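Worksheet for the structure shown next.
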Amino acid sequence: MKHIICTAAGAIGAAVSTAFGGWDAGLITLIIFMAIDYTSGLIVAGVFHASRKSEFGALDSKEGWKGLIRKCMTLLFVLIAYRLDLMLGINYVRDAVIIGFCANELISIAENAGLMGLPLPSIIQRAIDVLVKKSDKEVTDDQKRD
């Protein structure tokens with residue numbers, strides 16, 4: 001029974017990985033950033049009661065579900081971008097989408113850290129700026145090609 005479960009889990013994992021264009025550093029990084037953002041948002045609301053998404057700054061299950069739905073939509077956009085890459089015979093749309101969403105997640109993580117009273121290290125701020133600029137540059141380069 002253990003072998004059947006492991007085989008099924010492996011097959012499902014391989015299918016999902018293939019659908020998203022592979023299990024590479026970009027996708028892993030995005031998922032890690034998403035998990036950190038969601039967890040830090042829970043901490044801001046649950047421990048610090050400083051959430052901007054609920055009336056009293058505390059945990060709100062409805063807002064938590066909305067956050068999870070947004071994370072799922074982010075992953076669906078990665079899937080869409082990969083399929084566009086395949087359809088157009090290119091290989092940069094997926095990476096641009098992942099970089100853009102990583103920048104967005106980093107900004108949200110930084111906001112959560114600020115709500116916790118934690119100062120943001122300048123190296124992280126510079127990394128966010130680089131990601132945002134890289135994402136903007138890729139969008140501009142894509143528009144020039146069209």
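Just so we're on the same page: first chain in the structure tokens is A, next is B, and so on; residues restart at 1 for each chain, and ligands are numbered from 1 in the order they show up.
Using only C-alpha atoms, the protein and nucleic acid residues lying no more than 10 Å from Thr18 in chain A, apart from those fewer than 6 places from it along its own chain, are Ile12, Leu79 and Tyr82 of chain A.
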* To do: Fewer than 6 positions away in the same chain doesn't count, so skip those; otherwise give me all residues within 12 Å of range 96-100 of chain A, counting only C-alpha atoms, as a count of residues only.
  => 42
* Taking into account only C-alpha atoms, which residue in the set A:Cys6, A:Ile124, A:Met73, A:Met1 is nearest to Phe101 in chain A? -> A:Met73
Might you pull out every residue within 8 Å of Asp37 in chain A, with only C-alpha atoms counted and same-chain residues fewer than 4 positions away left off, and present them as a short mmCIF file (atom, residue, chain, number, x, y, z; two decimals) with all heavy atoms, in the first residue's frame?
```
data_model
loop_
_atom_site.label_atom_id
_atom_site.label_comp_id
_atom_site.auth_asym_id
_atom_site.auth_seq_id
_atom_site.Cartn_x
_atom_site.Cartn_y
_atom_site.Cartn_z
N PHE A 33 8.32 32.23 -1.27
CA PHE A 33 7.91 33.61 -0.96
C PHE A 33 6.42 33.68 -0.63
O PHE A 33 6.01 34.41 0.27
CB PHE A 33 8.22 34.54 -2.13
CG PHE A 33 9.68 34.88 -2.30
CD1 PHE A 33 10.66 34.33 -1.50
CD2 PHE A 33 10.07 35.76 -3.29
CE1 PHE A 33 12.00 34.65 -1.67
CE2 PHE A 33 11.40 36.10 -3.47
CZ PHE A 33 12.37 35.54 -2.65
N GLY A 41 1.62 37.20 7.17
CA GLY A 41 0.32 37.86 7.27
C GLY A 41 -0.51 37.31 8.42
O GLY A 41 -1.18 38.07 9.13
N GLU A 105 5.46 39.52 -3.94
CA GLU A 105 5.49 38.80 -2.65
C GLU A 105 6.51 39.44 -1.70
O GLU A 105 6.24 39.58 -0.51
CB GLU A 105 5.81 37.32 -2.87
CG GLU A 105 4.74 36.55 -3.61
CD GLU A 105 3.41 36.44 -2.88
OE1 GLU A 105 3.39 36.48 -1.63
OE2 GLU A 105 2.38 36.33 -3.56
N LEU A 106 7.68 39.81 -2.24
CA LEU A 106 8.69 40.44 -1.39
C LEU A 106 8.20 41.76 -0.82
O LEU A 106 8.46 42.08 0.34
CB LEU A 106 9.97 40.67 -2.20
CG LEU A 106 10.95 39.50 -2.23
CD1 LEU A 106 12.08 39.79 -3.20
CD2 LEU A 106 11.51 39.22 -0.84
N SER A 108 5.12 42.55 -0.21
CA SER A 108 4.13 42.21 0.82
C SER A 108 4.80 41.70 2.10
O SER A 108 4.39 42.05 3.21
CB SER A 108 3.16 41.16 0.28
OG SER A 108 2.18 40.85 1.23
N ILE A 109 5.85 40.90 1.94
CA ILE A 109 6.59 40.41 3.11
C ILE A 109 7.22 41.60 3.84
O ILE A 109 7.19 41.67 5.08
CB ILE A 109 7.67 39.38 2.69
CG1 ILE A 109 6.99 38.09 2.20
CG2 ILE A 109 8.62 39.08 3.85
CD1 ILE A 109 7.93 37.15 1.45
N ASN A 112 4.59 43.36 5.77
CA ASN A 112 4.26 42.61 6.98
C ASN A 112 5.33 42.80 8.06
O ASN A 112 5.00 42.96 9.24
CB ASN A 112 4.09 41.12 6.66
CG ASN A 112 2.82 40.84 5.89
OD1 ASN A 112 1.88 41.64 5.88
ND2 ASN A 112 2.77 39.71 5.23
#
```
* Asked: Residues at most 12 Å from Leu118 in chain A, counting only C-alpha atoms, excluding those fewer than 4 positions away in the same chain, as an MDAnalysis selection string?
  -> chainID A and resid 40 44 48 109:114
Applying 9 Å and only C-alpha atoms, which residues near Gly67 in chain A remain after dropping the ones on its own chain fewer than 5 positions away? List them as a PDB file with N, CA and C atoms, in the first residue's frame.
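Output below, filename part10.pdb:
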```
ATOM      1  N   TYR A  38       2.203  34.511   3.315  1.00  0.00           N
ATOM      2  CA  TYR A  38       0.954  34.086   3.954  1.00  0.00           C
ATOM      3  C   TYR A  38       1.160  33.907   5.461  1.00  0.00           C
ATOM      4  N   LYS A  62     -12.345  34.896   6.578  1.00  0.00           N
ATOM      5  CA  LYS A  62     -12.725  35.276   5.219  1.00  0.00           C
ATOM      6  C   LYS A  62     -11.530  35.886   4.482  1.00  0.00           C
ATOM      7  N   CYS A  72      -3.452  30.974  -5.223  1.00  0.00           N
ATOM      8  CA  CYS A  72      -3.795  30.000  -6.272  1.00  0.00           C
ATOM      9  C   CYS A  72      -3.877  30.682  -7.639  1.00  0.00           C
TER      10      CYS A  72
END
```
* Per DSSP on the backbone, filter chain A down to the residues in alpha helix (DSSP H) and report them as a PyMOL selection string. => chain A and resi 2-19+25-46+61-88+93-115+122-145
Next, dump the selected residues to file, keeping only C-alpha atoms, as a short mmCIF file (atom, residue, chain, number, x, y, z; two decimals), in the first residue's frame.
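Final output, saved to part.cif:
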```cif
data_model
loop_
_atom_site.label_atom_id
_atom_site.label_comp_id
_atom_site.auth_asym_id
_atom_site.auth_seq_id
_atom_site.Cartn_x
_atom_site.Cartn_y
_atom_site.Cartn_z
CA LYS A 2 2.85 2.37 0.84
CA HIS A 3 4.36 1.88 -2.63
CA ILE A 4 1.04 2.63 -4.31
CA ILE A 5 0.59 5.86 -2.35
CA CYS A 6 4.18 6.96 -3.02
CA THR A 7 3.85 6.13 -6.72
CA ALA A 8 0.56 8.02 -6.99
CA ALA A 9 2.00 11.03 -5.17
CA GLY A 10 5.05 10.97 -7.44
CA ALA A 11 2.92 10.76 -10.58
CA ILE A 12 0.70 13.64 -9.45
CA GLY A 13 3.75 15.71 -8.48
CA ALA A 14 5.39 15.06 -11.86
CA ALA A 15 2.21 16.02 -13.72
CA VAL A 16 1.83 19.26 -11.76
CA SER A 17 5.51 20.09 -12.19
CA THR A 18 5.30 19.49 -15.93
CA ALA A 19 2.15 21.62 -16.22
CA ALA A 25 14.57 27.65 -8.92
CA GLY A 26 12.10 30.33 -10.03
CA LEU A 27 8.98 28.33 -9.21
CA ILE A 28 10.44 27.05 -5.93
CA THR A 29 11.40 30.60 -4.94
CA LEU A 30 7.92 31.91 -5.76
CA ILE A 31 6.27 29.19 -3.67
CA ILE A 32 8.62 29.86 -0.75
CA PHE A 33 7.91 33.61 -0.96
CA MET A 34 4.17 32.90 -1.09
CA ALA A 35 4.39 30.70 2.01
CA ILE A 36 6.44 33.30 3.90
CA ASP A 37 4.02 36.06 2.90
CA TYR A 38 0.95 34.09 3.95
CA THR A 39 2.54 33.01 7.24
CA SER A 40 3.79 36.49 8.05
CA GLY A 41 0.32 37.86 7.27
CA LEU A 42 -1.17 35.38 9.73
CA ILE A 43 1.37 36.48 12.35
CA VAL A 44 0.64 40.18 11.75
CA ALA A 45 -3.08 39.54 12.26
CA GLY A 46 -2.92 36.84 14.93
CA SER A 61 -11.06 33.64 8.22
CA LYS A 62 -12.72 35.28 5.22
CA GLU A 63 -9.60 37.35 4.53
CA GLY A 64 -7.44 34.26 5.03
CA TRP A 65 -9.39 32.40 2.36
CA LYS A 66 -9.15 35.38 0.04
CA GLY A 67 -5.38 35.31 0.50
CA LEU A 68 -5.21 31.62 -0.37
CA ILE A 69 -7.37 32.17 -3.46
CA ARG A 70 -5.01 34.96 -4.55
CA LYS A 71 -2.03 32.62 -4.14
CA CYS A 72 -3.80 30.00 -6.27
CA MET A 73 -4.50 32.62 -8.95
CA THR A 74 -0.82 33.56 -8.91
CA LEU A 75 0.09 29.96 -9.67
CA LEU A 76 -2.54 29.81 -12.39
CA PHE A 77 -0.91 32.84 -14.03
CA VAL A 78 2.42 30.98 -13.98
CA LEU A 79 0.66 28.06 -15.69
CA ILE A 80 -0.88 30.40 -18.27
CA ALA A 81 2.47 32.08 -18.90
CA TYR A 82 4.14 28.71 -19.46
CA ARG A 83 1.44 27.67 -21.92
CA LEU A 84 1.90 30.98 -23.75
CA ASP A 85 5.63 30.27 -23.97
CA LEU A 86 4.87 26.88 -25.51
CA MET A 87 2.31 28.28 -27.90
CA LEU A 88 4.54 31.14 -29.09
CA VAL A 93 6.97 34.88 -20.43
CA ARG A 94 6.88 32.35 -17.58
CA ASP A 95 10.12 33.70 -16.11
CA ALA A 96 8.89 37.30 -16.36
CA VAL A 97 5.63 36.37 -14.61
CA ILE A 98 7.51 34.53 -11.85
CA ILE A 99 9.89 37.47 -11.35
CA GLY A 100 6.99 39.91 -11.20
CA PHE A 101 5.10 37.85 -8.65
CA CYS A 102 8.27 37.28 -6.59
CA ALA A 103 8.73 41.06 -6.44
CA ASN A 104 5.11 41.46 -5.37
CA GLU A 105 5.49 38.80 -2.65
CA LEU A 106 8.69 40.44 -1.39
CA ILE A 107 6.97 43.80 -1.15
CA SER A 108 4.13 42.21 0.82
CA ILE A 109 6.59 40.41 3.11
CA ALA A 110 8.39 43.73 3.70
CA GLU A 111 5.06 45.39 4.52
CA ASN A 112 4.26 42.61 6.98
CA ALA A 113 7.68 43.02 8.60
CA GLY A 114 7.01 46.74 8.93
CA LEU A 115 3.65 46.05 10.59
CA SER A 122 18.72 47.83 2.91
CA ILE A 123 20.00 44.80 0.97
CA ILE A 124 16.47 43.38 0.86
CA GLN A 125 15.10 46.75 -0.30
CA ARG A 126 17.71 46.84 -3.07
CA ALA A 127 16.87 43.26 -4.08
CA ILE A 128 13.18 44.20 -4.31
CA ASP A 129 14.11 47.23 -6.43
CA VAL A 130 16.19 45.04 -8.78
CA LEU A 131 13.35 42.53 -9.17
CA VAL A 132 10.83 45.28 -9.87
CA LYS A 133 13.15 46.89 -12.43
CA LYS A 134 13.89 43.52 -14.06
CA SER A 135 10.19 42.74 -14.28
CA ASP A 136 9.47 46.18 -15.77
CA LYS A 137 12.36 45.80 -18.22
CA GLU A 138 11.12 42.41 -19.42
CA VAL A 139 7.64 43.84 -19.98
CA THR A 140 9.12 46.79 -21.90
CA ASP A 141 11.36 44.46 -23.96
CA ASP A 142 8.33 42.27 -24.73
CA GLN A 143 6.38 45.30 -25.95
CA LYS A 144 9.27 46.35 -28.21
CA ARG A 145 9.30 42.89 -29.84
#
```
* Please measure the separation of CA of Trp23 in chain A and CA of Pro121 in chain A, giving the value in Å to one decimal. =>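 For CA of Trp23 in chain A relative to CA of Pro121 in chain A, the distance reads 29.5 Å.
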* Asked: So which one's closest to Gly117 in chain A, A:Ala50, A:Phe56, A:Asn91, A:Gly22? Using only C-alpha atoms, please.
  ->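 Closest to Gly117 in chain A of all the choices is A:Ala50.
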